[in-house]
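Student: I'd like to ask you about the structure that follows.
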There are 2 protein chains.
Amino acid sequence: MVISFTEENYLKAIYTLSNQYDWVEVSTNQISAHLKNKAATVTDMLKRLSEKKLIAYKPYQGVKLTDKGKRTAITVVRKHRLWEVFLVDKLNFKWDEVHDIAEQLEHIHSDELIEKLDDFLGRPKSDPHGDPIPDANGKFSNKRSILLSSGVKKGSYVVTGVTDHSTSYLQYLTQLGISLGFQLKIEEINEYDQSLKIKINNKQSNFISHKAASHLLVEQRS
Amino acid sequence: MVISFTEENYLKAIYTLSNQYDWVEVSTNQISAHLKNKAATVTDMLKRLSEKKLIAYKPYQGVKLTDKGKRTAITVVRKHRLWEVFLVDKLNFKWDEVHDIAEQLEHIHSDELIEKLDDFLGRPKSDPHGDPIPDANGKFSNKRSILLSSGVKKGSYVVTGVTDHSTSYLQYLTQLGISLGFQLKIEEINEYDQSLKIKINNKQSNFISHKAASHLLVEQRS
DNA sequence: CTTTAAATTTAGACTAGTCTAAAAATTTGT
DNA sequence: ACAAATTTTTAGACTAGTCTAAATTTAAAG
Ligand SMILES: [Mn+2]
Ligand SMILES: [Mn+2]
Ligand SMILES: [Mn+2]
Ligand SMILES: [Mn+2]
C-alpha cells in the first residue's frame, strides 16, 4: 500500500500528540492546530486514513493509531531524526537549522537507504535535540529525563534534550552557552517566578526563566 | 516563485531531451514518451510552465527552456548527481541502485543543503555514471568523450561514462567486469555486426555487442 | 494540390488535498 | 436539565495533476 507524503505527516502528527497526551485519543482540533490545517480538512483525511486501517476513528470521539499506523509514524520519526544527525554530524549544520530540511527528507521512500544511513552515522541513539531514535523495529531505548522546571533541587544535572525545537529557542540556548551533554549546576531557585541561576559547564552563570527551563530535559548527576 | 516537484520533473525532462537533440525545440510527444504521461497531460503542463516563464511555448511548435527554466533544470540535475555520489561513495550503494533514490532526493529544497553536501563530497566533477556535475552557477566542465561504438580503432581507451542508466545495462557492465575509470583495449572489431573484443584492465577479454558499446563513453589513451 | 496520417490541443471528467460556510453533535455552565 | 458555547462533520467549491475521447492543426503522400 502506498502512503502519501501528506498522509505520513498526519500519522506523525497523531503519533506526536498521542505521545504527548498519554496515549489517549487525539482530537480533530488538536491535529488541526498542530498541522495548521482547518478542522474540516482534518476530518476528510481522518476518513481516508481510517479507510486504509491506519487509524481507529469514531466520529466525534477522536482517533488512535492502529499498529500499522503507529509503525508507519515511528518510521517517519526514525527517518527525521537520522537525517538530522546526518545534517549536524556530517554536513556541519547547527542544531537549530536542521528541522525544516529533515521535514522534507523524512518522506524519502527507501528501506535500503535508511538502514545504510543508520550504519553510516554509527547507529546513533539520539538526534541533535536529544530525542531518541527508534531502531529498525521501532523500539526506543527509553531514557528517563526530567524537565529542568519541575521540582528540581540545587545540584548538578546534564542536558539530555529539548522539548521545543523552534529555531528561536535553540538559538537562545546556544547564546546562553547551553548545548546537549553540558553540565548545569543549579545555584539558586527563585521562589517568586521559578527562575533559576545555573552555572554552565563550570564556567559562566546565567539566569534562566521558568518558561525556558520547562523545555530543557536534564538528568541528575551527583 | 515556488516550483513543484512535478514541474521540476518536466523541466528536467525538457532539458535532457533538448540536450540530446542538439538544443532544438522539444515536442509534446517526446516529453510524453519520456515521462510516460499522455500527450494531453503534457500540453496542460506546458501551458502552466509557459505562464511561469519557465519555457517558451508556441502551440504545435514545441518548447524550449527559458534561461530561468534552464537554470532550474540544471539545479535539479546537479542535485540528482550529487546525491548519487553520496549514495555510492558514502553509503556504499552500487552504481545501478542509486537512480531511483536520487529521483526523490533531487527535489529536496535547500540551497544550504546542496552546497554543504557538495563540500562534504569533495566537490566531485562527475557522478557514479560519469555524468558531469554542474557547479553552483550551472557551469559544466566539459569533457570530450566518444561512444565506444562510433568509428573506434584498435587501441587503448578509458571508460568515462554511460548513456544508459538502466539497472540491467549497469549490471551487465558490472558482470563483464567494466567500471568507470577502467582501461579497455580494443583487440578486434567485427565488421559484420560491429561487435568488439576488448581486454579489460589488462585482465580478461570479452565480446561486447554494438548495442552495448553504443552506450559506453570512453576517451582515447595512447 | 488534395487527401490522409500523425501530432497536438481542447473538452470534459476524476482524485487528492485544501478551503469556507452551514449543520449537527457534544460539552459546559447555570 | 436545558440553553449556550464549543467541537466536529457535512456540503459545496477550488487547484494541481492526471486521464480518455474528440476536434484541430500540421506534416506526409500521392
Ligand atoms: Mn526535527
Ligand atoms: Mn530533532
Ligand atoms: Mn540517475
Ligand atoms: Mn547518474
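Residue numbers start at 1 in each chain; chains themselves are named A, B, ... in the order of the C-alpha cells; ligands are numbered from 1 in the order shown.
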Show me which bits of chain A are within 10 Å of chain B, counting only C-alpha atoms, as a list of chain:residue names.
Tutor: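 Using only C-alpha atoms, chain A residues at most 10 Å from chain B: A:Leu87, A:Lys90, A:Leu91, A:Asn92, A:Phe93, A:Glu97, A:Val98, A:Asp100, A:Ile101, A:Ala102, A:Glu103, A:Gln104, A:Leu105, A:His107, A:Ile108, A:His109, A:Ser110, A:Glu112, A:Leu113, A:Ile114, A:Glu115, A:Lys116, A:Leu117, A:Asp118, A:Asp119, A:Phe120, A:Leu121.
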Student: Using only C-alpha atoms (C1' of nucleotides) and a distance of at most 12 Å, pull out the residues of chain A that contact chain C, as a count of residues only.
Tutor: 18
Student: Taking only C-alpha atoms (C1' of nucleotides) into account, report as a PyMOL selection string which residues of chain D lie within 10 Å of chain A.
Tutor: chain D and resi 7-10
Student: Give as a PyMOL selection string the residues surrounding ligand 1 up to a distance of 12 Å, considering only C-alpha atoms (C1' of nucleotides) and all ligand atoms.
Tutor: chain A and resi 12+16+76-85+87-88+95-106+126-133+162-167+170
Student: What does the distance between CA of Leu173 (chain A) and CA of Ser18 (chain A) come to in Å, to one decimal place?
Tutor: 27.3 Å
Student: Give the strand (DSSP E) residues of region 4-206 of chain B, as assigned by DSSP on the backbone, as a PDB file with N, CA, C and O atoms, in the first residue's frame.
Tutor:
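Result file states.pdb:
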ATOM      1  N   ILE B  55       9.356  28.168 -19.720  1.00  0.00           N
ATOM      2  CA  ILE B  55       9.603  27.678 -21.077  1.00  0.00           C
ATOM      3  C   ILE B  55       9.001  28.662 -22.082  1.00  0.00           C
ATOM      4  O   ILE B  55       8.119  29.457 -21.740  1.00  0.00           O
ATOM      5  N   ALA B  56       9.501  28.583 -23.316  1.00  0.00           N
ATOM      6  CA  ALA B  56       8.904  29.331 -24.424  1.00  0.00           C
ATOM      7  C   ALA B  56       8.094  28.320 -25.214  1.00  0.00           C
ATOM      8  O   ALA B  56       8.639  27.355 -25.740  1.00  0.00           O
ATOM      9  N   TYR B  57       6.789  28.547 -25.245  1.00  0.00           N
ATOM     10  CA  TYR B  57       5.880  27.554 -25.814  1.00  0.00           C
ATOM     11  C   TYR B  57       5.019  28.178 -26.905  1.00  0.00           C
ATOM     12  O   TYR B  57       4.279  29.129 -26.657  1.00  0.00           O
ATOM     13  N   VAL B  63       8.675  23.217 -27.535  1.00  0.00           N
ATOM     14  CA  VAL B  63       9.090  24.132 -26.469  1.00  0.00           C
ATOM     15  C   VAL B  63      10.607  24.191 -26.319  1.00  0.00           C
ATOM     16  O   VAL B  63      11.324  23.268 -26.685  1.00  0.00           O
ATOM     17  N   LYS B  64      11.050  25.309 -25.777  1.00  0.00           N
ATOM     18  CA  LYS B  64      12.440  25.489 -25.361  1.00  0.00           C
ATOM     19  C   LYS B  64      12.431  26.054 -23.955  1.00  0.00           C
ATOM     20  O   LYS B  64      11.509  26.776 -23.584  1.00  0.00           O
ATOM     21  N   LEU B  65      13.447  25.746 -23.173  1.00  0.00           N
ATOM     22  CA  LEU B  65      13.564  26.323 -21.834  1.00  0.00           C
ATOM     23  C   LEU B  65      13.970  27.793 -21.936  1.00  0.00           C
ATOM     24  O   LEU B  65      14.780  28.163 -22.787  1.00  0.00           O
ATOM     25  N   ILE B 146      33.850   9.979 -26.326  1.00  0.00           N
ATOM     26  CA  ILE B 146      33.170   9.439 -27.509  1.00  0.00           C
ATOM     27  C   ILE B 146      32.520   8.110 -27.146  1.00  0.00           C
ATOM     28  O   ILE B 146      32.860   7.494 -26.139  1.00  0.00           O
ATOM     29  N   LEU B 147      31.560   7.704 -27.985  1.00  0.00           N
ATOM     30  CA  LEU B 147      30.918   6.416 -27.748  1.00  0.00           C
ATOM     31  C   LEU B 147      31.819   5.303 -28.269  1.00  0.00           C
ATOM     32  O   LEU B 147      32.450   5.443 -29.318  1.00  0.00           O
ATOM     33  N   GLY B 155      43.075  -0.155 -30.061  1.00  0.00           N
ATOM     34  CA  GLY B 155      43.901   0.682 -29.200  1.00  0.00           C
ATOM     35  C   GLY B 155      43.329   0.770 -27.809  1.00  0.00           C
ATOM     36  O   GLY B 155      42.376   0.076 -27.475  1.00  0.00           O
ATOM     37  N   SER B 156      43.890   1.657 -27.013  1.00  0.00           N
ATOM     38  CA  SER B 156      43.504   1.743 -25.611  1.00  0.00           C
ATOM     39  C   SER B 156      42.574   2.915 -25.328  1.00  0.00           C
ATOM     40  O   SER B 156      42.785   4.018 -25.830  1.00  0.00           O
ATOM     41  N   TYR B 157      41.587   2.645 -24.493  1.00  0.00           N
ATOM     42  CA  TYR B 157      40.620   3.665 -24.094  1.00  0.00           C
ATOM     43  C   TYR B 157      40.387   3.549 -22.589  1.00  0.00           C
ATOM     44  O   TYR B 157      40.723   2.532 -21.988  1.00  0.00           O
ATOM     45  N   VAL B 158      39.802   4.596 -22.015  1.00  0.00           N
ATOM     46  CA  VAL B 158      39.421   4.505 -20.614  1.00  0.00           C
ATOM     47  C   VAL B 158      37.937   4.855 -20.506  1.00  0.00           C
ATOM     48  O   VAL B 158      37.449   5.746 -21.212  1.00  0.00           O
ATOM     49  N   VAL B 159      37.234   4.124 -19.684  1.00  0.00           N
ATOM     50  CA  VAL B 159      35.783   4.303 -19.542  1.00  0.00           C
ATOM     51  C   VAL B 159      35.496   5.585 -18.752  1.00  0.00           C
ATOM     52  O   VAL B 159      35.971   5.737 -17.633  1.00  0.00           O
ATOM     53  N   THR B 160      34.713   6.478 -19.340  1.00  0.00           N
ATOM     54  CA  THR B 160      34.410   7.749 -18.668  1.00  0.00           C
ATOM     55  C   THR B 160      32.936   7.917 -18.329  1.00  0.00           C
ATOM     56  O   THR B 160      32.573   8.827 -17.594  1.00  0.00           O
ATOM     57  N   GLY B 161      32.079   7.045 -18.890  1.00  0.00           N
ATOM     58  CA  GLY B 161      30.661   7.214 -18.575  1.00  0.00           C
ATOM     59  C   GLY B 161      29.765   6.269 -19.341  1.00  0.00           C
ATOM     60  O   GLY B 161      30.240   5.467 -20.149  1.00  0.00           O
ATOM     61  N   VAL B 162      28.471   6.362 -19.044  1.00  0.00           N
ATOM     62  CA  VAL B 162      27.468   5.568 -19.750  1.00  0.00           C
ATOM     63  C   VAL B 162      26.323   6.478 -20.171  1.00  0.00           C
ATOM     64  O   VAL B 162      26.089   7.514 -19.548  1.00  0.00           O
ATOM     65  N   GLN B 183      40.455   0.542 -17.934  1.00  0.00           N
ATOM     66  CA  GLN B 183      41.042   0.588 -19.266  1.00  0.00           C
ATOM     67  C   GLN B 183      40.417  -0.476 -20.164  1.00  0.00           C
ATOM     68  O   GLN B 183      40.195  -1.605 -19.737  1.00  0.00           O
ATOM     69  N   LEU B 184      40.110  -0.094 -21.387  1.00  0.00           N
ATOM     70  CA  LEU B 184      39.596  -1.054 -22.372  1.00  0.00           C
ATOM     71  C   LEU B 184      40.537  -1.062 -23.567  1.00  0.00           C
ATOM     72  O   LEU B 184      40.810  -0.011 -24.154  1.00  0.00           O
ATOM     73  N   LYS B 185      41.056  -2.218 -23.926  1.00  0.00           N
ATOM     74  CA  LYS B 185      41.889  -2.313 -25.118  1.00  0.00           C
ATOM     75  C   LYS B 185      41.099  -3.045 -26.191  1.00  0.00           C
ATOM     76  O   LYS B 185      40.709  -4.199 -26.023  1.00  0.00           O
ATOM     77  N   ILE B 186      40.821  -2.354 -27.289  1.00  0.00           N
ATOM     78  CA  ILE B 186      40.073  -2.991 -28.377  1.00  0.00           C
ATOM     79  C   ILE B 186      41.015  -3.913 -29.140  1.00  0.00           C
ATOM     80  O   ILE B 186      42.008  -3.471 -29.718  1.00  0.00           O
ATOM     81  N   GLU B 187      40.678  -5.196 -29.131  1.00  0.00           N
ATOM     82  CA  GLU B 187      41.546  -6.181 -29.776  1.00  0.00           C
ATOM     83  C   GLU B 187      41.027  -6.593 -31.146  1.00  0.00           C
ATOM     84  O   GLU B 187      41.814  -6.897 -32.037  1.00  0.00           O
ATOM     85  N   GLU B 188      39.714  -6.626 -31.298  1.00  0.00           N
ATOM     86  CA  GLU B 188      39.122  -6.985 -32.585  1.00  0.00           C
ATOM     87  C   GLU B 188      37.876  -6.148 -32.833  1.00  0.00           C
ATOM     88  O   GLU B 188      37.139  -5.849 -31.906  1.00  0.00           O
ATOM     89  N   ILE B 189      37.670  -5.795 -34.093  1.00  0.00           N
ATOM     90  CA  ILE B 189      36.428  -5.132 -34.485  1.00  0.00           C
ATOM     91  C   ILE B 189      35.766  -6.014 -35.521  1.00  0.00           C
ATOM     92  O   ILE B 189      36.320  -6.247 -36.597  1.00  0.00           O
ATOM     93  N   LEU B 196      32.675  -5.935 -30.618  1.00  0.00           N
ATOM     94  CA  LEU B 196      34.090  -5.702 -30.326  1.00  0.00           C
ATOM     95  C   LEU B 196      34.607  -6.761 -29.368  1.00  0.00           C
ATOM     96  O   LEU B 196      33.872  -7.232 -28.498  1.00  0.00           O
ATOM     97  N   LYS B 197      35.889  -7.109 -29.523  1.00  0.00           N
ATOM     98  CA  LYS B 197      36.538  -7.905 -28.499  1.00  0.00           C
ATOM     99  C   LYS B 197      37.462  -6.960 -27.738  1.00  0.00           C
ATOM    100  O   LYS B 197      38.310  -6.285 -28.351  1.00  0.00           O
ATOM    101  N   ILE B 198      37.249  -6.859 -26.446  1.00  0.00           N
ATOM    102  CA  ILE B 198      38.029  -5.902 -25.659  1.00  0.00           C
ATOM    103  C   ILE B 198      38.684  -6.580 -24.461  1.00  0.00           C
ATOM    104  O   ILE B 198      38.114  -7.473 -23.842  1.00  0.00           O
ATOM    105  N   LYS B 199      39.902  -6.139 -24.160  1.00  0.00           N
ATOM    106  CA  LYS B 199      40.595  -6.608 -22.964  1.00  0.00           C
ATOM    107  C   LYS B 199      40.349  -5.569 -21.876  1.00  0.00           C
ATOM    108  O   LYS B 199      40.511  -4.360 -22.107  1.00  0.00           O
ATOM    109  N   ILE B 200      39.914  -6.030 -20.695  1.00  0.00           N
ATOM    110  CA  ILE B 200      39.508  -5.109 -19.637  1.00  0.00           C
ATOM    111  C   ILE B 200      40.576  -5.026 -18.548  1.00  0.00           C
ATOM    112  O   ILE B 200      40.886  -6.026 -17.907  1.00  0.00           O
ATOM    113  N   SER B 205      39.424 -10.889 -21.443  1.00  0.00           N
ATOM    114  CA  SER B 205      38.871 -10.328 -22.676  1.00  0.00           C
ATOM    115  C   SER B 205      37.416 -10.758 -22.814  1.00  0.00           C
ATOM    116  O   SER B 205      37.052 -11.865 -22.424  1.00  0.00           O
ATOM    117  N   ASN B 206      36.576  -9.859 -23.348  1.00  0.00           N
ATOM    118  CA  ASN B 206      35.170 -10.161 -23.534  1.00  0.00           C
ATOM    119  C   ASN B 206      34.666  -9.599 -24.851  1.00  0.00           C
ATOM    120  O   ASN B 206      35.222  -8.615 -25.361  1.00  0.00           O
TER     121      ASN B 206
END
Student: Can you measure CA of Ser214 (chain B) to CA of Leu148 (chain B) for me? One decimal in Å is fine.
Tutor: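 Computed distance, CA of Ser214 (chain B) to CA of Leu148 (chain B), equals 5.9 Å.
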Student: I'd like to know which residues of region 48-200 of chain B are alpha helix (DSSP H) (by DSSP, run on the backbone); could you write them as a PyMOL selection string?
Tutor: chain B and resi 48-51+67-85+99-105+111-120+167-176
Student: Residues near region 52-54 of chain A, anyone? I mean within 10 Å using only C-alpha atoms (C1' of nucleotides), not counting same-chain ones fewer than 6 positions away, as number ranges by chain.
Tutor: A: 1-3, 7, 11, 46, 64-73
Student: Please measure the separation of CA of Leu17 (chain A) and CA of His34 (chain A), giving the value in Å to one decimal.
Tutor: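 Value for the CA of Leu17 (chain A)-CA of His34 (chain A) distance: 8.4 Å.
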